[in-house]
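What follows is start-v3.pdb (PDB, C-alpha atoms).
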```pdb
ATOM      1  CA  MET A   1       4.381 -17.634  23.691  1.00  0.00           C
ATOM      2  CA  ASN A   2       3.184 -14.369  22.182  1.00  0.00           C
ATOM      3  CA  ILE A   3       1.174 -14.696  18.974  1.00  0.00           C
ATOM      4  CA  GLY A   4       0.688 -11.612  16.819  1.00  0.00           C
ATOM      5  CA  VAL A   5      -2.098 -11.390  14.251  1.00  0.00           C
ATOM      6  CA  CYS A   6      -1.745  -8.541  11.764  1.00  0.00           C
ATOM      7  CA  VAL A   7      -5.223  -7.212  11.003  1.00  0.00           C
ATOM      8  CA  LYS A   8      -6.279  -4.612   8.472  1.00  0.00           C
ATOM      9  CA  ILE A   9      -9.543  -2.695   8.632  1.00  0.00           C
ATOM     10  CA  VAL A  10     -11.070  -2.530   5.155  1.00  0.00           C
ATOM     11  CA  PRO A  11     -14.180  -1.089   3.479  1.00  0.00           C
ATOM     12  CA  ASP A  12     -17.334  -3.172   3.518  1.00  0.00           C
ATOM     13  CA  TYR A  13     -17.049  -5.849   0.807  1.00  0.00           C
ATOM     14  CA  GLU A  14     -20.505  -5.104  -0.595  1.00  0.00           C
ATOM     15  CA  ILE A  15     -19.739  -1.501  -1.585  1.00  0.00           C
ATOM     16  CA  PRO A  16     -19.799  -0.945  -5.377  1.00  0.00           C
ATOM     17  CA  VAL A  17     -16.449  -0.346  -7.061  1.00  0.00           C
ATOM     18  CA  ASP A  18     -17.456   3.161  -8.152  1.00  0.00           C
ATOM     19  CA  LYS A  19     -17.692   4.207  -4.485  1.00  0.00           C
ATOM     20  CA  PHE A  20     -13.962   3.728  -3.950  1.00  0.00           C
ATOM     21  CA  GLN A  21     -11.710   6.763  -4.185  1.00  0.00           C
ATOM     22  CA  LEU A  22      -8.008   7.318  -3.569  1.00  0.00           C
ATOM     23  CA  LYS A  23      -6.523  10.303  -1.769  1.00  0.00           C
ATOM     24  CA  ASP A  24      -2.794  10.465  -1.014  1.00  0.00           C
ATOM     25  CA  GLY A  25      -2.485   6.751  -1.685  1.00  0.00           C
ATOM     26  CA  ARG A  26      -5.290   5.758   0.708  1.00  0.00           C
ATOM     27  CA  ILE A  27      -8.824   4.617  -0.004  1.00  0.00           C
ATOM     28  CA  THR A  28     -11.393   7.222   0.965  1.00  0.00           C
ATOM     29  CA  GLY A  29     -15.144   7.557   0.695  1.00  0.00           C
ATOM     30  CA  GLU A  30     -18.269   6.890   2.710  1.00  0.00           C
ATOM     31  CA  TYR A  31     -18.617   3.270   3.764  1.00  0.00           C
ATOM     32  CA  ASN A  32     -18.669   0.977   6.773  1.00  0.00           C
ATOM     33  CA  GLU A  33     -15.373  -0.534   7.893  1.00  0.00           C
ATOM     34  CA  LEU A  34     -14.697  -4.020   9.186  1.00  0.00           C
ATOM     35  CA  VAL A  35     -11.954  -6.559   9.787  1.00  0.00           C
ATOM     36  CA  GLY A  36     -10.642  -8.016   6.531  1.00  0.00           C
ATOM     37  CA  LEU A  37     -12.106 -11.427   5.715  1.00  0.00           C
ATOM     38  CA  TYR A  38      -8.735 -13.172   5.404  1.00  0.00           C
ATOM     39  CA  ASP A  39      -7.638 -11.482   8.644  1.00  0.00           C
ATOM     40  CA  GLU A  40     -10.593 -13.029  10.472  1.00  0.00           C
ATOM     41  CA  HIS A  41      -9.279 -16.427   9.366  1.00  0.00           C
ATOM     42  CA  ALA A  42      -5.840 -15.444  10.693  1.00  0.00           C
ATOM     43  CA  VAL A  43      -7.373 -14.592  14.080  1.00  0.00           C
ATOM     44  CA  GLU A  44      -9.108 -17.971  14.120  1.00  0.00           C
ATOM     45  CA  VAL A  45      -5.831 -19.811  13.407  1.00  0.00           C
ATOM     46  CA  ALA A  46      -4.141 -17.901  16.246  1.00  0.00           C
ATOM     47  CA  LEU A  47      -6.927 -18.745  18.686  1.00  0.00           C
ATOM     48  CA  GLN A  48      -6.738 -22.416  17.730  1.00  0.00           C
ATOM     49  CA  LEU A  49      -2.963 -22.344  18.284  1.00  0.00           C
ATOM     50  CA  ARG A  50      -3.141 -20.612  21.641  1.00  0.00           C
ATOM     51  CA  SER A  51      -2.626 -22.885  24.621  1.00  0.00           C
ATOM     52  CA  LYS A  52      -5.077 -22.277  27.417  1.00  0.00           C
ATOM     53  CA  GLY A  53      -3.563 -19.979  30.037  1.00  0.00           C
ATOM     54  CA  GLU A  54      -0.093 -19.986  28.458  1.00  0.00           C
ATOM     55  CA  ASP A  55      -0.131 -17.956  25.255  1.00  0.00           C
ATOM     56  CA  LYS A  56      -1.301 -14.431  24.517  1.00  0.00           C
ATOM     57  CA  VAL A  57      -2.821 -13.304  21.203  1.00  0.00           C
ATOM     58  CA  TYR A  58      -2.091  -9.721  20.157  1.00  0.00           C
ATOM     59  CA  ILE A  59      -4.011  -8.012  17.369  1.00  0.00           C
ATOM     60  CA  ILE A  60      -1.616  -5.694  15.507  1.00  0.00           C
ATOM     61  CA  SER A  61      -3.081  -3.146  13.117  1.00  0.00           C
ATOM     62  CA  TYR A  62      -1.526  -0.370  11.068  1.00  0.00           C
ATOM     63  CA  GLY A  63      -4.415   2.061  10.677  1.00  0.00           C
ATOM     64  CA  ARG A  64      -6.372   4.977  12.119  1.00  0.00           C
ATOM     65  CA  GLU A  65      -7.499   5.583  15.689  1.00  0.00           C
ATOM     66  CA  ASP A  66     -11.150   5.786  14.626  1.00  0.00           C
ATOM     67  CA  GLN A  67     -10.906   2.162  13.435  1.00  0.00           C
ATOM     68  CA  MET A  68     -10.764   0.862  17.012  1.00  0.00           C
ATOM     69  CA  PRO A  69     -14.499  -0.024  17.095  1.00  0.00           C
ATOM     70  CA  ALA A  70     -13.971  -2.362  14.124  1.00  0.00           C
ATOM     71  CA  LEU A  71     -10.836  -3.847  15.701  1.00  0.00           C
ATOM     72  CA  ARG A  72     -12.814  -4.863  18.763  1.00  0.00           C
ATOM     73  CA  LYS A  73     -14.388  -7.577  16.591  1.00  0.00           C
ATOM     74  CA  ALA A  74     -11.069  -9.435  16.872  1.00  0.00           C
ATOM     75  CA  LEU A  75     -11.075  -8.948  20.646  1.00  0.00           C
ATOM     76  CA  SER A  76     -14.612 -10.269  20.891  1.00  0.00           C
ATOM     77  CA  MET A  77     -13.495 -13.391  19.013  1.00  0.00           C
ATOM     78  CA  GLY A  78     -11.113 -14.085  21.907  1.00  0.00           C
ATOM     79  CA  ALA A  79      -7.866 -12.170  21.282  1.00  0.00           C
ATOM     80  CA  ASP A  80      -6.225 -10.632  24.365  1.00  0.00           C
ATOM     81  CA  GLU A  81      -4.926  -7.187  23.395  1.00  0.00           C
ATOM     82  CA  VAL A  82      -4.856  -4.731  20.483  1.00  0.00           C
ATOM     83  CA  ILE A  83      -1.841  -2.752  19.294  1.00  0.00           C
ATOM     84  CA  LEU A  84      -2.793   0.039  16.882  1.00  0.00           C
ATOM     85  CA  ILE A  85      -0.059   1.794  14.930  1.00  0.00           C
ATOM     86  CA  LYS A  86      -1.171   5.220  13.727  1.00  0.00           C
ATOM     87  CA  ALA A  87      -0.827   4.985   9.956  1.00  0.00           C
ATOM     88  CA  SER A  88      -0.344   7.563   7.225  1.00  0.00           C
ATOM     89  CA  THR A  89      -0.073   5.420   4.094  1.00  0.00           C
ATOM     90  CA  ASP A  90      -0.984   2.129   2.433  1.00  0.00           C
ATOM     91  CA  ASP A  91       2.572   1.618   1.159  1.00  0.00           C
ATOM     92  CA  PRO A  92       3.320  -2.096   1.786  1.00  0.00           C
ATOM     93  CA  PHE A  93       6.973  -1.424   2.641  1.00  0.00           C
ATOM     94  CA  VAL A  94       6.140   1.222   5.255  1.00  0.00           C
ATOM     95  CA  THR A  95       3.351  -0.994   6.588  1.00  0.00           C
ATOM     96  CA  ALA A  96       5.621  -4.030   6.935  1.00  0.00           C
ATOM     97  CA  SER A  97       8.391  -1.965   8.529  1.00  0.00           C
ATOM     98  CA  ASN A  98       6.082  -0.576  11.225  1.00  0.00           C
ATOM     99  CA  LEU A  99       4.542  -3.981  11.880  1.00  0.00           C
ATOM    100  CA  ALA A 100       8.061  -5.372  12.296  1.00  0.00           C
ATOM    101  CA  ASN A 101       8.899  -2.670  14.850  1.00  0.00           C
ATOM    102  CA  VAL A 102       5.928  -3.696  16.981  1.00  0.00           C
ATOM    103  CA  VAL A 103       6.698  -7.415  16.628  1.00  0.00           C
ATOM    104  CA  LYS A 104      10.179  -6.755  18.041  1.00  0.00           C
ATOM    105  CA  LYS A 105       9.005  -4.367  20.779  1.00  0.00           C
ATOM    106  CA  TYR A 106       6.345  -6.706  22.167  1.00  0.00           C
ATOM    107  CA  GLY A 107       8.353  -9.890  21.781  1.00  0.00           C
ATOM    108  CA  ILE A 108       5.991 -11.559  19.304  1.00  0.00           C
ATOM    109  CA  ASP A 109       7.070 -15.123  18.549  1.00  0.00           C
ATOM    110  CA  ALA A 110       4.622 -16.268  15.862  1.00  0.00           C
ATOM    111  CA  VAL A 111       3.253 -13.744  13.348  1.00  0.00           C
ATOM    112  CA  ILE A 112       0.063 -14.661  11.487  1.00  0.00           C
ATOM    113  CA  LEU A 113      -1.491 -12.673   8.635  1.00  0.00           C
ATOM    114  CA  GLY A 114      -4.296 -13.174   6.164  1.00  0.00           C
ATOM    115  CA  ARG A 115      -3.147 -14.272   2.712  1.00  0.00           C
ATOM    116  CA  VAL A 116      -4.060 -10.880   1.253  1.00  0.00           C
ATOM    117  CA  SER A 117      -5.773  -7.731   2.419  1.00  0.00           C
ATOM    118  CA  SER A 118      -9.414  -7.757   1.389  1.00  0.00           C
ATOM    119  CA  ASP A 119      -9.262  -4.408  -0.390  1.00  0.00           C
ATOM    120  CA  LEU A 120      -6.091  -4.102  -2.490  1.00  0.00           C
ATOM    121  CA  GLU A 121      -5.254  -7.843  -2.512  1.00  0.00           C
ATOM    122  CA  ARG A 122      -1.582  -7.299  -3.321  1.00  0.00           C
ATOM    123  CA  GLU A 123      -0.199 -10.178  -1.196  1.00  0.00           C
ATOM    124  CA  MET A 124       2.932  -8.129  -0.465  1.00  0.00           C
ATOM    125  CA  VAL A 125       3.052  -7.287   3.243  1.00  0.00           C
ATOM    126  CA  PRO A 126       3.501 -10.854   4.631  1.00  0.00           C
ATOM    127  CA  PRO A 127       6.687 -11.725   2.676  1.00  0.00           C
ATOM    128  CA  ILE A 128       8.160  -8.232   3.146  1.00  0.00           C
ATOM    129  CA  LEU A 129       7.507  -8.461   6.891  1.00  0.00           C
ATOM    130  CA  ALA A 130       9.192 -11.869   7.051  1.00  0.00           C
ATOM    131  CA  GLY A 131      12.186 -10.482   5.151  1.00  0.00           C
ATOM    132  CA  ILE A 132      12.584  -7.537   7.533  1.00  0.00           C
ATOM    133  CA  LEU A 133      12.342  -9.851  10.557  1.00  0.00           C
ATOM    134  CA  ASN A 134      14.648 -12.417   8.917  1.00  0.00           C
ATOM    135  CA  ARG A 135      12.214 -15.210   9.724  1.00  0.00           C
ATOM    136  CA  PRO A 136      10.933 -18.213   7.733  1.00  0.00           C
ATOM    137  CA  TYR A 137       7.821 -17.362   5.716  1.00  0.00           C
ATOM    138  CA  LEU A 138       5.116 -19.945   5.029  1.00  0.00           C
ATOM    139  CA  PRO A 139       2.317 -18.803   2.691  1.00  0.00           C
ATOM    140  CA  TYR A 140      -1.026 -20.552   2.102  1.00  0.00           C
ATOM    141  CA  THR A 141      -1.078 -22.022   5.619  1.00  0.00           C
ATOM    142  CA  ILE A 142      -4.342 -23.567   6.800  1.00  0.00           C
ATOM    143  CA  SER A 143      -3.399 -24.784  10.281  1.00  0.00           C
ATOM    144  CA  ILE A 144      -0.635 -24.548  12.879  1.00  0.00           C
ATOM    145  CA  SER A 145      -0.069 -26.976  15.740  1.00  0.00           C
ATOM    146  CA  LYS A 146       2.545 -27.154  18.454  1.00  0.00           C
ATOM    147  CA  THR A 147       4.513 -30.355  19.123  1.00  0.00           C
ATOM    148  CA  GLU A 148       5.628 -31.648  22.518  1.00  0.00           C
ATOM    149  CA  ASN A 149       9.210 -30.502  21.950  1.00  0.00           C
ATOM    150  CA  GLY A 150       8.163 -26.913  21.224  1.00  0.00           C
ATOM    151  CA  SER A 151       8.399 -26.913  17.423  1.00  0.00           C
ATOM    152  CA  PHE A 152       5.467 -26.141  15.122  1.00  0.00           C
ATOM    153  CA  LEU A 153       3.752 -28.046  12.335  1.00  0.00           C
ATOM    154  CA  CYS A 154       2.370 -25.768   9.628  1.00  0.00           C
ATOM    155  CA  GLU A 155       0.048 -27.299   7.052  1.00  0.00           C
ATOM    156  CA  GLN A 156       0.026 -25.561   3.680  1.00  0.00           C
ATOM    157  CA  GLN A 157      -2.728 -25.875   1.098  1.00  0.00           C
ATOM    158  CA  LEU A 158      -1.256 -26.328  -2.379  1.00  0.00           C
ATOM    159  CA  ASP A 159      -3.009 -26.861  -5.704  1.00  0.00           C
ATOM    160  CA  ASP A 160      -3.045 -30.648  -5.637  1.00  0.00           C
ATOM    161  CA  ARG A 161      -1.961 -31.598  -2.106  1.00  0.00           C
ATOM    162  CA  ASN A 162      -1.398 -30.402   1.435  1.00  0.00           C
ATOM    163  CA  LEU A 163       2.154 -30.032   2.713  1.00  0.00           C
ATOM    164  CA  VAL A 164       3.126 -30.158   6.409  1.00  0.00           C
ATOM    165  CA  LEU A 165       6.314 -28.308   7.369  1.00  0.00           C
ATOM    166  CA  LYS A 166       8.094 -28.417  10.707  1.00  0.00           C
ATOM    167  CA  VAL A 167       9.378 -25.074  12.009  1.00  0.00           C
ATOM    168  CA  ASN A 168      11.689 -24.872  15.003  1.00  0.00           C
ATOM    169  CA  ASP A 169      11.948 -21.104  15.446  1.00  0.00           C
ATOM    170  CA  ASN A 170       9.923 -17.907  15.251  1.00  0.00           C
ATOM    171  CA  PHE A 171       8.110 -17.594  11.933  1.00  0.00           C
ATOM    172  CA  VAL A 172       5.689 -15.608   9.758  1.00  0.00           C
ATOM    173  CA  VAL A 173       2.732 -17.275   8.044  1.00  0.00           C
ATOM    174  CA  SER A 174      -0.118 -16.102   5.849  1.00  0.00           C
ATOM    175  CA  VAL A 175      -3.296 -18.148   6.033  1.00  0.00           C
ATOM    176  CA  THR A 176      -6.034 -18.999   3.569  1.00  0.00           C
ATOM    177  CA  ASP A 177      -9.793 -19.095   3.964  1.00  0.00           C
ATOM    178  CA  ALA A 178      -9.877 -22.895   4.254  1.00  0.00           C
ATOM    179  CA  PRO A 179     -13.056 -24.304   5.863  1.00  0.00           C
ATOM    180  CA  CYS A 180     -11.091 -25.440   8.942  1.00  0.00           C
ATOM    181  CA  ASN A 181     -10.344 -21.747   9.634  1.00  0.00           C
ATOM    182  CA  LEU A 182     -13.949 -20.606   9.561  1.00  0.00           C
ATOM    183  CA  PRO A 183     -13.980 -17.620  11.952  1.00  0.00           C
ATOM    184  CA  ARG A 184     -15.935 -18.160  15.136  1.00  0.00           C
ATOM    185  CA  ILE A 185     -18.946 -15.988  15.917  1.00  0.00           C
ATOM    186  CA  PRO A 186     -18.356 -13.926  19.081  1.00  0.00           C
ATOM    187  CA  ASN A 187     -20.721 -14.715  21.919  1.00  0.00           C
ATOM    188  CA  LEU A 188     -22.259 -12.097  24.201  1.00  0.00           C
ATOM    189  CA  LYS A 189     -19.824 -12.835  27.032  1.00  0.00           C
ATOM    190  CA  GLU A 190     -16.765 -12.247  24.837  1.00  0.00           C
ATOM    191  CA  ILE A 191     -18.311  -9.112  23.329  1.00  0.00           C
ATOM    192  CA  MET A 192     -18.747  -7.635  26.795  1.00  0.00           C
ATOM    193  CA  ARG A 193     -15.251  -8.681  27.854  1.00  0.00           C
ATOM    194  CA  SER A 194     -13.717  -7.126  24.741  1.00  0.00           C
ATOM    195  CA  LYS A 195     -14.664  -3.650  25.959  1.00  0.00           C
ATOM    196  CA  LYS A 196     -12.255  -3.964  28.898  1.00  0.00           C
ATOM    197  CA  LYS A 197      -9.314  -5.586  27.123  1.00  0.00           C
ATOM    198  CA  PRO A 198      -6.050  -3.580  26.831  1.00  0.00           C
ATOM    199  CA  VAL A 199      -5.493  -1.322  23.841  1.00  0.00           C
ATOM    200  CA  HIS A 200      -2.039   0.080  23.011  1.00  0.00           C
ATOM    201  CA  PHE A 201      -1.354   2.953  20.624  1.00  0.00           C
ATOM    202  CA  GLU A 202       2.000   3.216  18.857  1.00  0.00           C
ATOM    203  CA  GLU A 203       3.306   6.104  16.797  1.00  0.00           C
ATOM    204  CA  GLU A 204       4.303   5.436  13.229  1.00  0.00           C
ATOM    205  CA  ILE A 205       8.078   5.350  12.730  1.00  0.00           C
ATOM    206  CA  PRO A 206       9.286   6.961   9.478  1.00  0.00           C
ATOM    207  CA  THR A 207      10.818   4.408   7.158  1.00  0.00           C
ATOM    208  CA  ASP A 208      13.785   4.968   4.883  1.00  0.00           C
ATOM    209  CA  LYS A 209      13.261   3.892   1.298  1.00  0.00           C
ATOM    210  CA  PHE A 210      14.165   0.311   0.603  1.00  0.00           C
ATOM    211  CA  GLU A 211      17.164  -0.044  -1.685  1.00  0.00           C
ATOM    212  CA  TRP A 212      15.663  -2.939  -3.608  1.00  0.00           C
ATOM    213  CA  ALA A 213      12.102  -1.664  -4.224  1.00  0.00           C
ATOM    214  CA  GLU A 214       9.607   1.092  -3.604  1.00  0.00           C
ATOM    215  CA  GLU A 215       5.968   1.708  -4.410  1.00  0.00           C
ATOM    216  CA  ALA A 216       5.700   3.948  -7.463  1.00  0.00           C
ATOM    217  CA  SER A 217       1.935   4.550  -7.559  1.00  0.00           C
ATOM    218  CA  VAL A 218      -1.472   3.247  -6.521  1.00  0.00           C
ATOM    219  CA  SER A 219      -4.550   3.354  -8.733  1.00  0.00           C
ATOM    220  CA  ILE A 220      -7.927   1.663  -8.991  1.00  0.00           C
ATOM    221  CA  PRO A 221      -8.587   0.253 -12.482  1.00  0.00           C
ATOM    222  CA  HIS A 222     -11.761   1.158 -14.325  1.00  0.00           C
ATOM    223  CA  TYR A 223     -14.090  -1.725 -15.078  1.00  0.00           C
ATOM    224  CA  GLU A 224     -16.893  -1.784 -17.615  1.00  0.00           C
ATOM    225  CA  TYR A 225     -19.733  -4.257 -17.237  1.00  0.00           C
ATOM    226  CA  VAL A 226     -21.957  -5.345 -20.125  1.00  0.00           C
ATOM    227  CA  ASN A 227     -25.076  -7.369 -19.343  1.00  0.00           C
ATOM    228  CA  GLU A 228     -26.762  -9.422 -22.038  1.00  0.00           C
ATOM    229  CA  MET A 229     -29.922 -11.483 -21.660  1.00  0.00           C
ATOM    230  CA  LEU A 230     -29.830 -14.852 -23.447  1.00  0.00           C
ATOM    231  CA  PRO A 231     -32.992 -16.564 -24.710  1.00  0.00           C
ATOM    232  CA  ASN A 232     -34.091 -19.404 -22.450  1.00  0.00           C
ATOM    233  CA  ASP A 233     -36.801 -21.111 -24.499  1.00  0.00           C
ATOM    234  CA  ASP A 234     -34.402 -23.875 -25.528  1.00  0.00           C
ATOM    235  CA  LEU A 235     -31.752 -24.467 -22.843  1.00  0.00           C
ATOM    236  CA  SER A 236     -29.553 -26.489 -25.225  1.00  0.00           C
ATOM    237  CA  ALA A 237     -29.474 -23.565 -27.653  1.00  0.00           C
ATOM    238  CA  THR A 238     -28.862 -21.171 -24.749  1.00  0.00           C
ATOM    239  CA  ALA A 239     -25.874 -23.226 -23.566  1.00  0.00           C
ATOM    240  CA  LYS A 240     -24.435 -23.361 -27.107  1.00  0.00           C
ATOM    241  CA  LEU A 241     -24.843 -19.594 -27.501  1.00  0.00           C
ATOM    242  CA  LEU A 242     -23.158 -18.984 -24.154  1.00  0.00           C
ATOM    243  CA  LEU A 243     -20.207 -21.184 -25.133  1.00  0.00           C
ATOM    244  CA  ASP A 244     -19.877 -19.389 -28.477  1.00  0.00           C
ATOM    245  CA  LYS A 245     -19.777 -15.998 -26.746  1.00  0.00           C
ATOM    246  CA  LEU A 246     -17.201 -17.189 -24.193  1.00  0.00           C
ATOM    247  CA  ARG A 247     -15.001 -18.412 -27.058  1.00  0.00           C
ATOM    248  CA  GLU A 248     -15.379 -15.078 -28.866  1.00  0.00           C
ATOM    249  CA  GLU A 249     -14.090 -13.285 -25.764  1.00  0.00           C
ATOM    250  CA  HIS A 250     -11.258 -15.851 -25.417  1.00  0.00           C
ATOM    251  CA  TYR A 251     -12.464 -17.150 -22.042  1.00  0.00           C
ATOM    252  CA  LEU A 252     -12.419 -20.681 -23.448  1.00  0.00           C
TER     253      LEU A 252
END
```

Let me see the file written as structure tokens.
Amino acid sequence: MNIGVCVKIVPDYEIPVDKFQLKDGRITGEYNELVGLYDEHAVEVALQLRSKGEDKVYIISYGREDQMPALRKALSMGADEVILIKASTDDPFVTASNLANVVKKYGIDAVILGRVSSDLEREMVPPILAGILNRPYLPYTISISKTENGSFLCEQQLDDRNLVLKVNDNFVVSVTDAPCNLPRIPNLKEIMRSKKKPVHFEEEIPTDKFEWAEEASVSIPHYEYVNEMLPNDDLSATAKLLLDKLREEHYL
């Protein structure tokens, strides 16, 4: 079985909001890049699902060639190969379409994504990708296991309970950051091996506009932060004052 994990390289999470800039619909600026946090959980789920010696885990990324050093983090975790699609946009429809092309070309059976990308957090690519591939889509998945008859059990994390669904065919899932998916730390042996693992480059395929939707614009909202020091001589009075202020701002 071929398992594909869709990974996005994102800006370092600790960069201040005012450092982000948009140019031609893409985030620009000076910052370090790394594998998205939710995508690391997706890689971990894929590695847990992989049967020893039988399955292959592909890392599929729609991004830039200079992001390969960051993508090797996924290889050092234990993935087998990387497929990098040379990207020109952050449009979720174009992204999903190009990911779908690679899934078909490489014969990917199970497609695993993080619940959201760690930068724009739109939660759009996974369901669009499933729609293009005409496959079942299971969001909020925390674990996947394979049964003896070849079907899969996908456990979803809901608000008040966990739900286990049985899937008999190829599927698309997005995974959460549940504790059971805590990404493994690459060891030195895997880091060294990752440097020799296969890397494939694919050209972006132009995508016709979808009849049912298209991205109109992308913008980063402006946030204003106001800090206020509360007196702490009497903690009971401090707590009451804090509650009053939260009610004034309609947070309570």

Target residues per the PyMOL selection byres ((chain A and resi 129) around 12), formatted as JSON, numbers by chain: {"A": [6, 92, 93, 94, 95, 96, 97, 98, 99, 100, 101, 102, 103, 104, 111, 112, 113, 123, 124, 125, 126, 127, 128, 130, 131, 132, 133, 134, 135, 136, 137, 138, 171, 172, 173, 174]}

Which residue of A:Ala178, A:Ile59, A:Ala239, A:Ala213 approaches Asp91 of chain A most closely, using only C-alpha atoms: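 Among the listed residues, the smallest separation from Asp91 of chain A belongs to A:Ala213.
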
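Atom CA of Pro69 of chain A to atom CA of Thr141 of chain A spans 28.2 Å [interatomic distance, one decimal].
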
Test item: the PyMOL selection byres ((chain A and resi 156) around 8) resolved as a PyMOL selection string: chain A and resi 138-143+154-155+157-158+162-165

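Atom CA of Lys105 of chain A lies 15.1 Å from atom CA of Val199 of chain A.
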
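Between atom CA of Ala216 of chain A and atom CA of Val116 of chain A the interatomic distance comes to 19.8 Å.
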
Just need the box for segment 222-233 of chain A, edges along x, y and z, holding every atom the file lists for it with 3 Å tacked onto each side, so centre and edge lengths in Å to one decimal, as JSON.
```
{"center_x": -24.3, "center_y": -10.0, "center_z": -19.5, "size_x": 31.0, "size_y": 28.3, "size_z": 16.4}
```

Residues within 8 Å of segment 36-42 of chain A, all atoms listed in the file, excluding chain neighbours under 4 positions, as a list in words: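 Counting all atoms listed in the file, the residues come to Val5, Cys6, Val7, Lys8, Ile9, Val10, Ala46, Ala74, Ile112, Leu113, Gly114, Arg115, Val116, Ser117, Ser118, Asp119, Ser174, Val175, Thr176, Asp177, Asn181, Leu182 and Pro183 of chain A.
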
Residue among A:Asn32, A:Asn170, A:Asn232, A:Ser145 lying closest to Ala110 of chain A, counting only C-alpha atoms: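 For Ala110 of chain A, the nearest of the given residues is A:Asn170.
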
Can you list what the PyMOL selection byres ((chain A and resi 198) around 9) grabs from this structure, as a PDB file with C-alpha atoms, in the frame of the given file?
```
ATOM      1  CA  ASP A  80      -6.225 -10.632  24.365  1.00  0.00           C
ATOM      2  CA  GLU A  81      -4.926  -7.187  23.395  1.00  0.00           C
ATOM      3  CA  VAL A  82      -4.856  -4.731  20.483  1.00  0.00           C
ATOM      4  CA  ILE A  83      -1.841  -2.752  19.294  1.00  0.00           C
ATOM      5  CA  SER A 194     -13.717  -7.126  24.741  1.00  0.00           C
ATOM      6  CA  LYS A 195     -14.664  -3.650  25.959  1.00  0.00           C
ATOM      7  CA  LYS A 196     -12.255  -3.964  28.898  1.00  0.00           C
ATOM      8  CA  LYS A 197      -9.314  -5.586  27.123  1.00  0.00           C
ATOM      9  CA  VAL A 199      -5.493  -1.322  23.841  1.00  0.00           C
ATOM     10  CA  HIS A 200      -2.039   0.080  23.011  1.00  0.00           C
TER      11      HIS A 200
END
```

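Close to (-20.6, -8.8, 26.1), meaning no more than 12 Å away when counting only C-alpha atoms, sit the residues A:Arg72, A:Lys73, A:Leu75, A:Ser76, A:Met77, A:Gly78, A:Pro186, A:Asn187, A:Leu188, A:Lys189, A:Glu190, A:Ile191, A:Met192, A:Arg193, A:Ser194, A:Lys195, A:Lys196, A:Lys197.
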
A:Ser61, A:Asn149, A:Ser219, A:Gln67 ranked by distance to Leu34 of chain A, top pick (using only C-alpha atoms):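 Between A:Ser61, A:Asn149, A:Ser219, A:Gln67, the residue approaching Leu34 of chain A most closely is A:Gln67.
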